[in-house]
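Heads up, target00.txt below (compact mmCIF, C-alpha atoms and all ligand atoms):
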# COMPACT_ATOMS: atom_id res chain seq x y z
CA MET A 1 28.15 -21.60 183.24
CA THR A 2 31.65 -22.04 181.90
CA GLU A 3 34.40 -19.71 183.01
CA LEU A 4 35.35 -17.16 180.36
CA SER A 5 38.93 -16.45 179.34
CA PRO A 6 40.24 -12.98 180.23
CA ARG A 7 40.04 -12.04 176.52
CA ALA A 8 36.36 -13.02 176.26
CA LEU A 9 35.42 -11.39 179.56
CA LEU A 10 37.10 -8.15 178.50
CA SER A 11 35.12 -8.08 175.26
CA LEU A 12 31.93 -8.34 177.25
CA LEU A 13 33.06 -5.67 179.70
CA PHE A 14 34.03 -3.27 176.94
CA HIS A 15 30.54 -3.62 175.51
CA GLY A 16 28.92 -3.74 178.95
CA SER A 17 26.33 -1.05 178.24
CA LYS A 18 25.08 -3.08 175.27
CA ALA A 19 24.94 -6.21 177.41
CA VAL A 20 22.83 -4.33 179.96
CA ASP A 21 20.56 -3.19 177.12
CA VAL A 22 20.09 -6.83 176.07
CA VAL A 23 19.29 -7.97 179.62
CA THR A 24 16.93 -5.02 180.22
CA THR A 25 15.07 -5.79 177.00
CA ALA A 26 14.87 -9.49 177.84
CA LEU A 27 13.43 -8.61 181.25
CA GLU A 28 11.01 -5.92 180.13
CA THR A 29 9.60 -7.83 177.15
CA GLY A 30 8.94 -10.91 179.30
CA LEU A 31 11.42 -13.06 177.33
CA LEU A 32 13.14 -14.06 180.56
CA ASP A 33 9.85 -15.35 181.99
CA ALA A 34 9.55 -17.67 179.00
CA LEU A 35 13.22 -18.64 178.87
CA GLU A 36 13.76 -19.60 182.49
CA PRO A 37 11.31 -22.48 182.72
CA GLY A 38 12.36 -23.48 179.12
CA PRO A 39 13.21 -25.24 176.98
CA VAL A 40 11.44 -23.08 174.43
CA SER A 41 12.01 -22.98 170.67
CA LEU A 42 12.93 -19.92 168.66
CA ARG A 43 9.79 -20.54 166.61
CA ASP A 44 7.56 -20.37 169.72
CA LEU A 45 9.36 -17.37 171.19
CA ALA A 46 9.15 -15.41 167.95
CA ALA A 47 5.43 -16.16 167.56
CA ARG A 48 4.63 -15.42 171.20
CA PHE A 49 6.47 -12.10 171.36
CA GLY A 50 5.82 -10.93 167.78
CA MET A 51 9.54 -10.86 166.99
CA GLN A 52 11.45 -11.75 163.84
CA PRO A 53 13.19 -15.15 164.20
CA LEU A 54 16.55 -14.21 162.69
CA ARG A 55 16.79 -11.02 164.76
CA LEU A 56 15.76 -12.86 167.88
CA TYR A 57 18.35 -15.57 167.17
CA LYS A 58 21.12 -12.95 167.24
CA PHE A 59 19.66 -11.32 170.34
CA LEU A 60 19.68 -14.71 172.09
CA ASP A 61 23.30 -15.22 170.99
CA CYS A 62 24.07 -12.04 172.94
CA LEU A 63 22.39 -13.48 176.04
CA GLU A 64 24.18 -16.79 175.53
CA SER A 65 27.56 -15.06 175.25
CA LEU A 66 26.94 -13.71 178.74
CA GLY A 67 26.61 -17.29 180.00
CA PHE A 68 22.88 -16.93 180.62
CA LEU A 69 21.42 -19.49 178.18
CA GLU A 70 21.73 -23.14 177.28
CA ARG A 71 21.01 -23.77 173.61
CA ASP A 72 20.20 -26.86 171.58
CA GLU A 73 20.33 -26.54 167.81
CA PRO A 74 19.14 -29.91 166.46
CA THR A 75 18.59 -29.02 162.75
CA ASP A 76 19.72 -26.52 160.12
CA ASP A 77 16.52 -24.58 160.64
CA ILE A 78 17.19 -21.89 163.26
CA ASN A 79 13.49 -22.00 164.23
CA ASP A 80 14.06 -25.42 165.80
CA THR A 81 16.72 -24.06 168.14
CA SER A 82 15.62 -24.35 171.74
CA TYR A 83 16.74 -22.35 174.73
CA ARG A 84 16.63 -22.43 178.47
CA ALA A 85 17.89 -19.68 180.78
CA VAL A 86 20.12 -20.56 183.72
CA PRO A 87 18.12 -20.80 186.97
CA GLY A 88 17.65 -17.50 188.80
CA LEU A 89 18.33 -15.30 185.76
CA ARG A 90 15.02 -13.46 185.92
CA ASP A 91 15.42 -12.51 189.59
CA ALA A 92 19.05 -11.55 189.04
CA ALA A 93 18.06 -9.32 186.11
CA ALA A 94 15.29 -7.69 188.15
CA ALA A 95 17.72 -7.03 191.02
CA THR A 96 20.24 -5.49 188.65
CA VAL A 97 18.31 -3.59 186.00
CA GLY A 98 14.71 -3.65 187.30
CA PRO A 99 12.95 -0.75 189.03
CA ALA A 100 14.34 -1.60 192.51
CA SER A 101 17.87 -2.16 191.21
CA ILE A 102 20.64 -1.78 193.78
CA GLU A 103 23.04 -1.02 190.92
CA ARG A 104 21.07 2.04 189.82
CA ASP A 105 21.09 3.25 193.40
CA ARG A 106 24.87 2.73 193.63
CA ASP A 107 25.29 4.56 190.36
CA THR A 108 23.95 7.74 192.00
CA TYR A 109 27.18 8.04 194.06
CA PRO A 110 29.77 10.36 192.44
CA TRP A 111 32.10 7.61 191.13
CA GLN A 112 32.84 9.85 188.13
CA ARG A 113 35.26 11.81 190.34
CA LEU A 114 37.65 8.86 190.17
CA HIS A 115 36.85 7.63 186.69
CA GLY A 116 39.88 8.03 184.43
CA HIS A 117 41.94 9.21 187.41
CA LEU A 118 42.60 5.97 189.23
CA ASP A 119 46.34 6.36 188.80
CA ASP A 120 46.28 9.67 190.73
CA THR A 121 43.85 8.16 193.24
CA LEU A 122 46.06 5.14 193.88
CA ARG A 123 49.05 7.42 194.48
CA GLY A 124 47.02 9.45 196.98
CA ASP A 125 46.96 12.61 194.83
CA LEU A 126 43.18 12.47 194.40
CA SER A 127 40.52 11.47 196.93
CA LEU A 128 36.80 11.73 197.32
CA THR A 129 35.92 14.82 199.31
CA GLU A 130 33.71 14.76 202.40
CA ASP A 131 30.92 16.12 200.20
CA ASP A 132 31.31 13.19 197.81
CA PHE A 133 31.29 10.53 200.52
CA SER A 134 32.18 10.39 204.16
CA TRP A 135 32.22 7.42 206.44
CA PRO A 136 30.28 7.33 208.65
CA PRO A 137 27.97 9.75 206.81
CA LYS A 138 28.25 13.34 208.05
CA THR A 139 25.40 15.42 206.70
CA GLU A 140 21.70 14.71 207.06
CA GLU A 141 21.50 14.19 203.31
CA GLN A 142 24.41 11.70 203.30
CA THR A 143 22.90 9.79 206.23
CA GLU A 144 19.56 9.53 204.53
CA SER A 145 20.90 8.51 201.15
CA PHE A 146 23.35 5.98 202.63
CA GLU A 147 20.78 4.31 204.87
CA ARG A 148 18.34 4.21 201.94
CA SER A 149 20.97 2.38 199.86
CA MET A 150 21.51 -0.04 202.71
CA THR A 151 17.79 -0.78 203.04
CA VAL A 152 17.53 -1.45 199.29
CA GLY A 153 20.23 -4.13 199.54
CA LEU A 154 18.91 -5.86 202.66
CA GLY A 155 16.97 -8.61 200.82
CA PRO A 156 19.45 -11.49 201.30
CA VAL A 157 19.72 -10.70 205.02
CA LEU A 158 15.94 -10.66 205.55
CA GLU A 159 15.65 -14.00 203.75
CA THR A 160 18.32 -15.63 205.91
CA PHE A 161 16.81 -14.29 209.14
CA ASP A 162 13.36 -15.53 208.03
CA ARG A 163 14.72 -18.98 207.29
CA HIS A 164 16.06 -19.38 210.83
CA ALA A 165 13.48 -17.29 212.71
CA ASP A 166 12.10 -20.09 214.92
CA ARG A 167 15.47 -21.09 216.09
CA LEU A 168 16.85 -17.56 216.55
CA TRP A 169 14.03 -15.99 218.53
CA SER A 170 12.57 -18.82 220.55
CA GLY A 171 12.82 -17.76 224.21
CA ARG A 172 14.48 -14.44 223.37
CA ARG A 173 13.02 -11.21 224.81
CA ARG A 174 15.18 -8.27 223.71
CA PHE A 175 17.21 -7.87 220.53
CA LEU A 176 19.67 -5.08 219.72
CA ASP A 177 20.64 -4.56 216.08
CA VAL A 178 23.99 -2.80 216.42
CA GLY A 179 24.61 -0.37 213.55
CA GLY A 180 21.12 -1.36 212.48
CA GLY A 181 20.64 1.26 209.76
CA ALA A 182 17.15 2.73 209.57
CA GLY A 183 15.64 -0.23 211.44
CA ARG A 184 14.35 -2.30 208.54
CA LEU A 185 15.80 -5.60 209.82
CA ALA A 186 14.80 -4.96 213.45
CA ASP A 187 11.27 -4.21 212.29
CA HIS A 188 11.18 -7.23 209.98
CA VAL A 189 12.16 -9.81 212.60
CA LEU A 190 9.32 -8.66 214.89
CA SER A 191 6.78 -10.22 212.50
CA SER A 192 8.13 -13.70 213.13
CA ALA A 193 8.90 -13.19 216.85
CA PRO A 194 5.72 -12.10 218.70
CA GLY A 195 7.41 -12.01 222.13
CA LEU A 196 10.40 -9.96 221.04
CA HIS A 197 11.26 -6.28 221.51
CA ALA A 198 13.88 -4.94 219.08
CA ASP A 199 16.01 -1.81 219.37
CA VAL A 200 18.31 -0.28 216.79
CA PHE A 201 21.64 1.02 218.08
CA ASN A 202 23.01 3.68 215.78
CA LEU A 203 24.58 7.12 215.59
CA PRO A 204 22.20 9.89 216.77
CA PRO A 205 21.62 11.42 213.28
CA VAL A 206 19.93 8.16 212.20
CA ALA A 207 17.16 8.62 214.82
CA PRO A 208 14.61 10.28 212.47
CA LEU A 209 15.00 7.45 209.93
CA VAL A 210 14.34 4.78 212.57
CA GLU A 211 11.39 6.82 213.80
CA GLU A 212 9.98 6.81 210.27
CA THR A 213 10.39 3.01 210.14
CA ARG A 214 8.68 2.76 213.53
CA LYS A 215 5.74 4.89 212.38
CA ASN A 216 5.22 2.63 209.37
CA SER A 217 5.75 -0.55 211.38
CA ALA A 218 3.07 -3.12 212.13
CA HIS A 219 4.64 -3.35 215.63
CA PRO A 220 5.51 0.25 216.60
CA ASP A 221 5.35 -0.49 220.34
CA ARG A 222 8.02 -3.20 220.04
CA LEU A 223 10.56 -1.23 218.00
CA GLY A 224 12.93 1.31 219.56
CA PHE A 225 16.09 3.33 219.02
CA VAL A 226 19.17 3.64 221.21
CA PRO A 227 21.51 6.44 220.10
CA GLY A 228 25.22 5.91 220.57
CA ASP A 229 28.68 5.49 219.09
CA PHE A 230 29.88 1.92 219.39
CA PHE A 231 33.53 2.96 219.60
CA ALA A 232 32.99 5.68 222.20
CA SER A 233 31.37 3.60 224.95
CA PRO A 234 30.40 0.04 225.91
CA LEU A 235 27.38 -1.47 224.14
CA PRO A 236 24.16 -1.24 226.16
CA THR A 237 23.18 -4.17 228.36
CA GLY A 238 19.73 -5.69 228.86
CA TYR A 239 19.58 -7.55 225.50
CA ASP A 240 19.70 -11.33 225.14
CA ALA A 241 20.45 -11.15 221.40
CA MET A 242 22.60 -8.76 219.38
CA SER A 243 23.56 -8.53 215.74
CA PHE A 244 26.13 -6.91 213.53
CA VAL A 245 24.71 -6.85 210.02
CA ARG A 246 27.04 -5.39 207.38
CA VAL A 247 28.87 -3.57 210.16
CA LEU A 248 32.07 -5.48 210.89
CA HIS A 249 33.31 -5.43 207.28
CA ASP A 250 33.38 -1.63 207.48
CA TRP A 251 36.28 -1.64 209.92
CA PRO A 252 39.91 -2.77 210.18
CA THR A 253 40.36 -6.08 211.97
CA PRO A 254 41.38 -4.65 215.39
CA ASP A 255 38.20 -2.51 215.41
CA SER A 256 35.97 -5.43 214.34
CA ARG A 257 37.54 -7.53 217.10
CA ARG A 258 36.87 -4.76 219.61
CA LEU A 259 33.19 -4.63 218.59
CA VAL A 260 32.75 -8.38 219.00
CA GLU A 261 34.41 -8.16 222.44
CA LYS A 262 32.04 -5.33 223.39
CA ALA A 263 29.07 -7.47 222.39
CA TYR A 264 30.43 -10.32 224.50
CA ASP A 265 30.77 -8.00 227.51
CA ALA A 266 27.23 -6.60 227.07
CA LEU A 267 25.40 -9.90 226.54
CA PRO A 268 24.14 -11.93 229.51
CA PRO A 269 25.19 -15.60 229.95
CA GLY A 270 23.42 -17.58 227.22
CA GLY A 271 23.14 -14.43 225.06
CA LEU A 272 23.17 -14.80 221.28
CA LEU A 273 25.41 -12.94 218.83
CA LEU A 274 24.52 -12.86 215.13
CA ILE A 275 26.83 -11.72 212.34
CA CYS A 276 25.57 -11.43 208.80
CA GLU A 277 27.19 -9.79 205.79
CA GLU A 278 28.32 -10.73 202.31
CA PHE A 279 31.05 -13.10 203.47
CA ARG A 280 33.75 -13.23 200.83
CA THR A 281 33.24 -15.52 197.85
CA PRO A 282 34.16 -14.79 194.20
CA ASP A 283 30.49 -14.16 193.45
CA ARG A 284 29.94 -11.69 196.29
CA LEU A 285 33.18 -9.88 195.57
CA ALA A 286 31.83 -9.35 192.04
CA VAL A 287 28.50 -8.00 193.36
CA GLN A 288 30.53 -5.72 195.65
CA PHE A 289 32.50 -4.37 192.68
CA PHE A 290 30.91 -0.93 192.82
CA TRP A 291 31.90 -0.29 196.43
CA SER A 292 35.41 -1.73 195.97
CA TYR A 293 35.87 0.74 193.08
CA PHE A 294 34.24 3.79 194.63
CA LEU A 295 35.90 3.40 198.02
CA ILE A 296 39.39 3.34 196.50
CA GLY A 297 39.00 7.11 196.93
CA ALA A 298 37.84 7.07 200.57
CA ASP A 299 40.31 5.87 203.20
CA SER A 300 37.84 6.12 206.09
CA ALA A 301 35.81 3.18 204.73
CA VAL A 302 37.76 -0.06 204.91
CA SER A 303 35.32 -2.26 202.93
CA ARG A 304 36.86 -5.56 203.87
CA LEU A 305 34.90 -8.63 202.79
CA ARG A 306 36.05 -11.48 204.99
CA GLU A 307 35.27 -15.19 204.81
CA ALA A 308 32.67 -16.50 207.29
CA THR A 309 35.41 -18.57 208.93
CA PHE A 310 37.22 -15.37 209.91
CA TYR A 311 34.26 -14.62 212.18
CA THR A 312 33.85 -18.14 213.56
CA THR A 313 37.51 -18.00 214.59
CA LEU A 314 37.05 -14.51 216.08
CA LEU A 315 33.97 -15.60 218.05
CA ALA A 316 35.78 -18.64 219.46
CA ALA A 317 38.79 -16.50 220.43
CA THR A 318 36.45 -14.05 222.20
CA GLY A 319 34.88 -16.84 224.29
CA PHE A 320 31.65 -17.56 222.40
CA THR A 321 30.55 -21.18 222.17
CA GLY A 322 27.98 -23.09 220.07
CA ILE A 323 29.37 -21.31 217.02
CA GLU A 324 27.74 -22.20 213.71
CA ILE A 325 27.39 -20.93 210.18
CA LEU A 326 23.69 -21.07 209.27
CA PRO A 327 22.92 -21.27 205.54
CA GLY A 328 21.10 -18.59 203.54
CA PRO A 329 21.58 -16.23 200.59
CA TRP A 330 24.19 -14.72 202.92
CA GLU A 331 25.18 -17.04 205.73
CA LEU A 332 24.54 -16.15 209.35
CA VAL A 333 27.32 -16.69 211.88
CA VAL A 334 25.93 -17.38 215.35
CA GLY A 335 27.62 -17.75 218.72
CA HIS A 336 26.47 -17.93 222.34
CA LYS A 337 27.99 -16.46 225.45
CA PRO A 338 28.47 -19.46 227.74
CA ALA A 339 25.68 -19.83 230.31
C1 LIG A 401 26.97 -0.55 206.23
S1 LIG A 401 25.75 0.11 207.29
C2 LIG A 401 24.73 -1.29 207.64
C3 LIG A 401 23.35 -0.90 208.12
C4 LIG A 401 22.43 -2.07 208.42
N1 LIG A 401 22.95 -2.93 209.45
C5 LIG A 401 22.17 -2.83 207.14
O1 LIG A 401 22.78 -3.90 206.93
O2 LIG A 401 21.37 -2.34 206.33
C6 LIG A 401 26.66 0.36 208.78
C7 LIG A 401 25.85 0.99 209.90
O3 LIG A 401 26.72 1.24 211.00
C8 LIG A 401 26.39 2.49 211.56
N2 LIG A 401 27.57 3.04 212.27
C9 LIG A 401 28.72 3.46 211.72
N3 LIG A 401 29.56 3.89 212.66
C10 LIG A 401 28.91 3.73 213.84
C11 LIG A 401 29.27 4.00 215.19
N4 LIG A 401 30.48 4.51 215.49
N5 LIG A 401 28.38 3.71 216.17
C12 LIG A 401 27.17 3.19 215.85
N6 LIG A 401 26.77 2.90 214.58
C13 LIG A 401 27.64 3.18 213.59
C14 LIG A 401 26.00 3.34 210.36
O4 LIG A 401 25.24 4.47 210.74
C15 LIG A 401 25.20 2.31 209.54
O5 LIG A 401 23.86 2.28 209.93
Is it possible to give me this structure as structure tokens?
Ligand SMILES: C[S@@+](CC[C@H](N)C(=O)[O-])C[C@H]1O[C@@H](n2cnc3c(N)ncnc32)[C@H](O)[C@@H]1O
Amino acid sequence: MTELSPRALLSLLFHGSKAVDVVTTALETGLLDALEPGPVSLRDLAARFGMQPLRLYKFLDCLESLGFLERDEPTDDINDTSYRAVPGLRDAAAATVGPASIERDRDTYPWQRLHGHLDDTLRGDLSLTEDDFSWPPKTEEQTESFERSMTVGLGPVLETFDRHADRLWSGRRRFLDVGGGAGRLADHVLSSAPGLHADVFNLPPVAPLVEETRKNSAHPDRLGFVPGDFFASPLPTGYDAMSFVRVLHDWPTPDSRRLVEKAYDALPPGGLLLICEEFRTPDRLAVQFFWSYFLIGADSAVSRLREATFYTTLLAATGFTGIEILPGPWELVVGHKPA
């Protein structure tokens, strides 16, 4: 994909709802399934999908303008034009506009309160109210809807943990997922770690959500909940592995540092600390756009995407050793308390 000029990008953004219509149609009709393996000619696509070649040609120009297609036009006959979608387009479209879209879920938050009023918001004259959004969530309804949003977006984390499961859990007995949402990750890792018990540490109002996860779990006897506030007291001991997944980026640096120090104090010698979140890259900052926008109006949520190296440096400064960045859709930063 080539980088677009600001002028070109702004044209696309201005007509963003039409672009989403194009992508949704390409996904729902099955065009993306045909385009991604490609190359496929306009003639074949039109015949296969019962579409008119000239109309489809313009539709595919729309997709190409978004940077999603490679095109070869060898003759004057548009029917000979062949196309191939960039790798991963189908999955990306499903994640964005498909039935389990995280964007649709994000769109249910009341961002309209700020829309058109960013100037006032930036000056501090307008803010989201506690009913609109509070961090951490206050009401039962906010807790449930926030944790549901979190679970929807957990895919990249689960994939990374799966990729490194053998290495992470071998010899480990007890895992604490600190700020572990409704327990989806804790439950998930149990499938690839038969000897492991996993507890979720979270604020007391999240208990019923973790209990629901436990009831639906294939390993209910190995999944538990520990209520607590990680700023109010030390982290519980008795765990030889702990994780912060999408937790540390919620807090200002001194607070994130304090949490990592608390994990160090609570872990036994040889204990493992795992940190996973959308470490800052241009791509991830773009995927985070909704929260960056919405949280302009909420000072309690810091929303600070940091590079993975920020955390490797923090772990080393805290005393962890054997620090590595393991690859995955989102990388996993690991460190060990010296034995
Ligand atoms: C952004 S969510 C991430 C949830 C989960 N780890 C995930 O990635 O899906 C942050 C989590 O931290 C929890 N949390 C916030 N403040 C907390 C506190 N003071 N003590 C314990 N947990 C807290 C929230 O309830 C929430 O589950």
- Message: Considering only C-alpha atoms and all ligand atoms, can you say which of A:Thr96, A:Ser243, A:Thr151, A:Ser191 comes closest to ligand LIG 401 (chain A)?
- Response: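 Of A:Thr96, A:Ser243, A:Thr151, A:Ser191, the one nearest ligand LIG 401 (chain A) is A:Thr151, counting only C-alpha atoms and all ligand atoms.
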- Task: Compile the contact shell of A:Ser82 as a PyMOL selection string: residues with an atom at most 9 Å away, counting only C-alpha atoms, same-chain residues fewer than 2 positions apart removed.
- Result: chain A and resi 38-43+70-74+78-80+84
- Message: I'd like to know which of A:Leu4, A:Ala95, A:Cys276, A:Ala241 is closest to ligand LIG 401 (chain A), using only C-alpha atoms and all ligand atoms.
- Response: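 Between A:Leu4, A:Ala95, A:Cys276, A:Ala241, the residue approaching ligand LIG 401 (chain A) most closely is A:Cys276.
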- Item | Within-9 Å residues of ligand LIG 401 (chain A), basis all atoms listed in the file, as number ranges by chain | A: 135-137, 143, 146-154, 157, 177-185, 201-206, 227-232, 243-250, 276-277
Write to file, as a PDB file, keeping the file's coordinate frame, the residues of the selection just made, with C-alpha atoms.
ATOM      1  CA  TRP A 135      32.220   7.420 206.440  1.00  0.00           C
ATOM      2  CA  PRO A 136      30.280   7.330 208.650  1.00  0.00           C
ATOM      3  CA  PRO A 137      27.970   9.750 206.810  1.00  0.00           C
ATOM      4  CA  THR A 143      22.900   9.790 206.230  1.00  0.00           C
ATOM      5  CA  PHE A 146      23.350   5.980 202.630  1.00  0.00           C
ATOM      6  CA  GLU A 147      20.780   4.310 204.870  1.00  0.00           C
ATOM      7  CA  ARG A 148      18.340   4.210 201.940  1.00  0.00           C
ATOM      8  CA  SER A 149      20.970   2.380 199.860  1.00  0.00           C
ATOM      9  CA  MET A 150      21.510  -0.040 202.710  1.00  0.00           C
ATOM     10  CA  THR A 151      17.790  -0.780 203.040  1.00  0.00           C
ATOM     11  CA  VAL A 152      17.530  -1.450 199.290  1.00  0.00           C
ATOM     12  CA  GLY A 153      20.230  -4.130 199.540  1.00  0.00           C
ATOM     13  CA  LEU A 154      18.910  -5.860 202.660  1.00  0.00           C
ATOM     14  CA  VAL A 157      19.720 -10.700 205.020  1.00  0.00           C
ATOM     15  CA  ASP A 177      20.640  -4.560 216.080  1.00  0.00           C
ATOM     16  CA  VAL A 178      23.990  -2.800 216.420  1.00  0.00           C
ATOM     17  CA  GLY A 179      24.610  -0.370 213.550  1.00  0.00           C
ATOM     18  CA  GLY A 180      21.120  -1.360 212.480  1.00  0.00           C
ATOM     19  CA  GLY A 181      20.640   1.260 209.760  1.00  0.00           C
ATOM     20  CA  ALA A 182      17.150   2.730 209.570  1.00  0.00           C
ATOM     21  CA  GLY A 183      15.640  -0.230 211.440  1.00  0.00           C
ATOM     22  CA  ARG A 184      14.350  -2.300 208.540  1.00  0.00           C
ATOM     23  CA  LEU A 185      15.800  -5.600 209.820  1.00  0.00           C
ATOM     24  CA  PHE A 201      21.640   1.020 218.080  1.00  0.00           C
ATOM     25  CA  ASN A 202      23.010   3.680 215.780  1.00  0.00           C
ATOM     26  CA  LEU A 203      24.580   7.120 215.590  1.00  0.00           C
ATOM     27  CA  PRO A 204      22.200   9.890 216.770  1.00  0.00           C
ATOM     28  CA  PRO A 205      21.620  11.420 213.280  1.00  0.00           C
ATOM     29  CA  VAL A 206      19.930   8.160 212.200  1.00  0.00           C
ATOM     30  CA  PRO A 227      21.510   6.440 220.100  1.00  0.00           C
ATOM     31  CA  GLY A 228      25.220   5.910 220.570  1.00  0.00           C
ATOM     32  CA  ASP A 229      28.680   5.490 219.090  1.00  0.00           C
ATOM     33  CA  PHE A 230      29.880   1.920 219.390  1.00  0.00           C
ATOM     34  CA  PHE A 231      33.530   2.960 219.600  1.00  0.00           C
ATOM     35  CA  ALA A 232      32.990   5.680 222.200  1.00  0.00           C
ATOM     36  CA  SER A 243      23.560  -8.530 215.740  1.00  0.00           C
ATOM     37  CA  PHE A 244      26.130  -6.910 213.530  1.00  0.00           C
ATOM     38  CA  VAL A 245      24.710  -6.850 210.020  1.00  0.00           C
ATOM     39  CA  ARG A 246      27.040  -5.390 207.380  1.00  0.00           C
ATOM     40  CA  VAL A 247      28.870  -3.570 210.160  1.00  0.00           C
ATOM     41  CA  LEU A 248      32.070  -5.480 210.890  1.00  0.00           C
ATOM     42  CA  HIS A 249      33.310  -5.430 207.280  1.00  0.00           C
ATOM     43  CA  ASP A 250      33.380  -1.630 207.480  1.00  0.00           C
ATOM     44  CA  CYS A 276      25.570 -11.430 208.800  1.00  0.00           C
ATOM     45  CA  GLU A 277      27.190  -9.790 205.790  1.00  0.00           C
TER      46      GLU A 277
END
Write out as a compact mmCIF listing (two decimals) with C-alpha atoms, in the frame of the given file each polymer residue whose atoms come within 6 Å of stretch 324-335 of chain A, counting all atoms listed in the file; drop sequence neighbours fewer than 4 positions from it.
# COMPACT_ATOMS: atom_id res chain seq x y z
CA PRO A 156 19.45 -11.49 201.30
CA THR A 160 18.32 -15.63 205.91
CA LEU A 272 23.17 -14.80 221.28
CA LEU A 273 25.41 -12.94 218.83
CA LEU A 274 24.52 -12.86 215.13
CA ILE A 275 26.83 -11.72 212.34
CA CYS A 276 25.57 -11.43 208.80
CA GLU A 278 28.32 -10.73 202.31
CA PHE A 320 31.65 -17.56 222.40
Around all the atoms of stretch 86-95 of chain A listed in the file, with 5 Å of room on each side, what axis-aligned box do you get, giving centre and edge lengths in Å to one decimal, as AutoDock Vina command-line options?
--center_x 17.6 --center_y -13.9 --center_z 187.4 --size_x 15.1 --size_y 23.8 --size_z 17.3
- Task: To one decimal in Å, tell me the separation between atom CA of A:Leu223 and atom CA of A:His197.
- Result: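 Pair atom CA of A:Leu223 / atom CA of A:His197 returns 6.2 Å.
Summary of the local environment: counting all atoms listed in the file, residues at most 9 Å from A:Leu12, other than itself and those fewer than 6 positions away along its chain, are Lys18, Ala19, Ser65 and Leu66 of chain A.
Atom to atom, atom CA of A:Tyr293 and atom CA of A:Ser101 stand 18.3 Å apart.
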Final N, CA and C atoms of stretch 321-335 of chain A as a short mmCIF file (atom, residue, chain, number, x, y, z; two decimals), in the frame of the given file:
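rebuild19.cif written:
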data_model
loop_
_atom_site.label_atom_id
_atom_site.label_comp_id
_atom_site.auth_asym_id
_atom_site.auth_seq_id
_atom_site.Cartn_x
_atom_site.Cartn_y
_atom_site.Cartn_z
N THR A 321 30.63 -19.74 222.42
CA THR A 321 30.55 -21.18 222.17
C THR A 321 29.32 -21.45 221.28
N GLY A 322 29.12 -22.73 220.92
CA GLY A 322 27.98 -23.09 220.07
C GLY A 322 28.00 -22.31 218.76
N ILE A 323 29.21 -22.14 218.23
CA ILE A 323 29.37 -21.31 217.02
C ILE A 323 28.99 -22.12 215.78
N GLU A 324 28.17 -21.51 214.93
CA GLU A 324 27.74 -22.20 213.71
C GLU A 324 27.64 -21.20 212.57
N ILE A 325 27.69 -21.75 211.36
CA ILE A 325 27.39 -20.93 210.18
C ILE A 325 26.07 -21.44 209.62
N LEU A 326 25.01 -20.64 209.76
CA LEU A 326 23.69 -21.07 209.27
C LEU A 326 23.56 -20.67 207.80
N PRO A 327 22.99 -21.56 206.97
CA PRO A 327 22.92 -21.27 205.54
C PRO A 327 21.88 -20.21 205.19
N GLY A 328 22.05 -19.58 204.03
CA GLY A 328 21.10 -18.59 203.54
C GLY A 328 21.73 -17.90 202.35
N PRO A 329 20.99 -16.98 201.71
CA PRO A 329 21.58 -16.23 200.59
C PRO A 329 22.90 -15.58 201.02
N TRP A 330 22.92 -15.03 202.24
CA TRP A 330 24.19 -14.72 202.92
C TRP A 330 24.14 -15.52 204.20
N GLU A 331 25.22 -16.21 204.54
CA GLU A 331 25.18 -17.04 205.73
C GLU A 331 25.08 -16.17 207.00
N LEU A 332 24.67 -16.83 208.07
CA LEU A 332 24.54 -16.15 209.35
C LEU A 332 25.48 -16.86 210.32
N VAL A 333 26.42 -16.11 210.88
CA VAL A 333 27.32 -16.69 211.88
C VAL A 333 26.70 -16.46 213.25
N VAL A 334 26.52 -17.53 214.02
CA VAL A 334 25.93 -17.38 215.35
C VAL A 334 26.89 -17.90 216.42
N GLY A 335 26.82 -17.28 217.58
CA GLY A 335 27.62 -17.75 218.72
C GLY A 335 26.87 -17.40 220.00
#
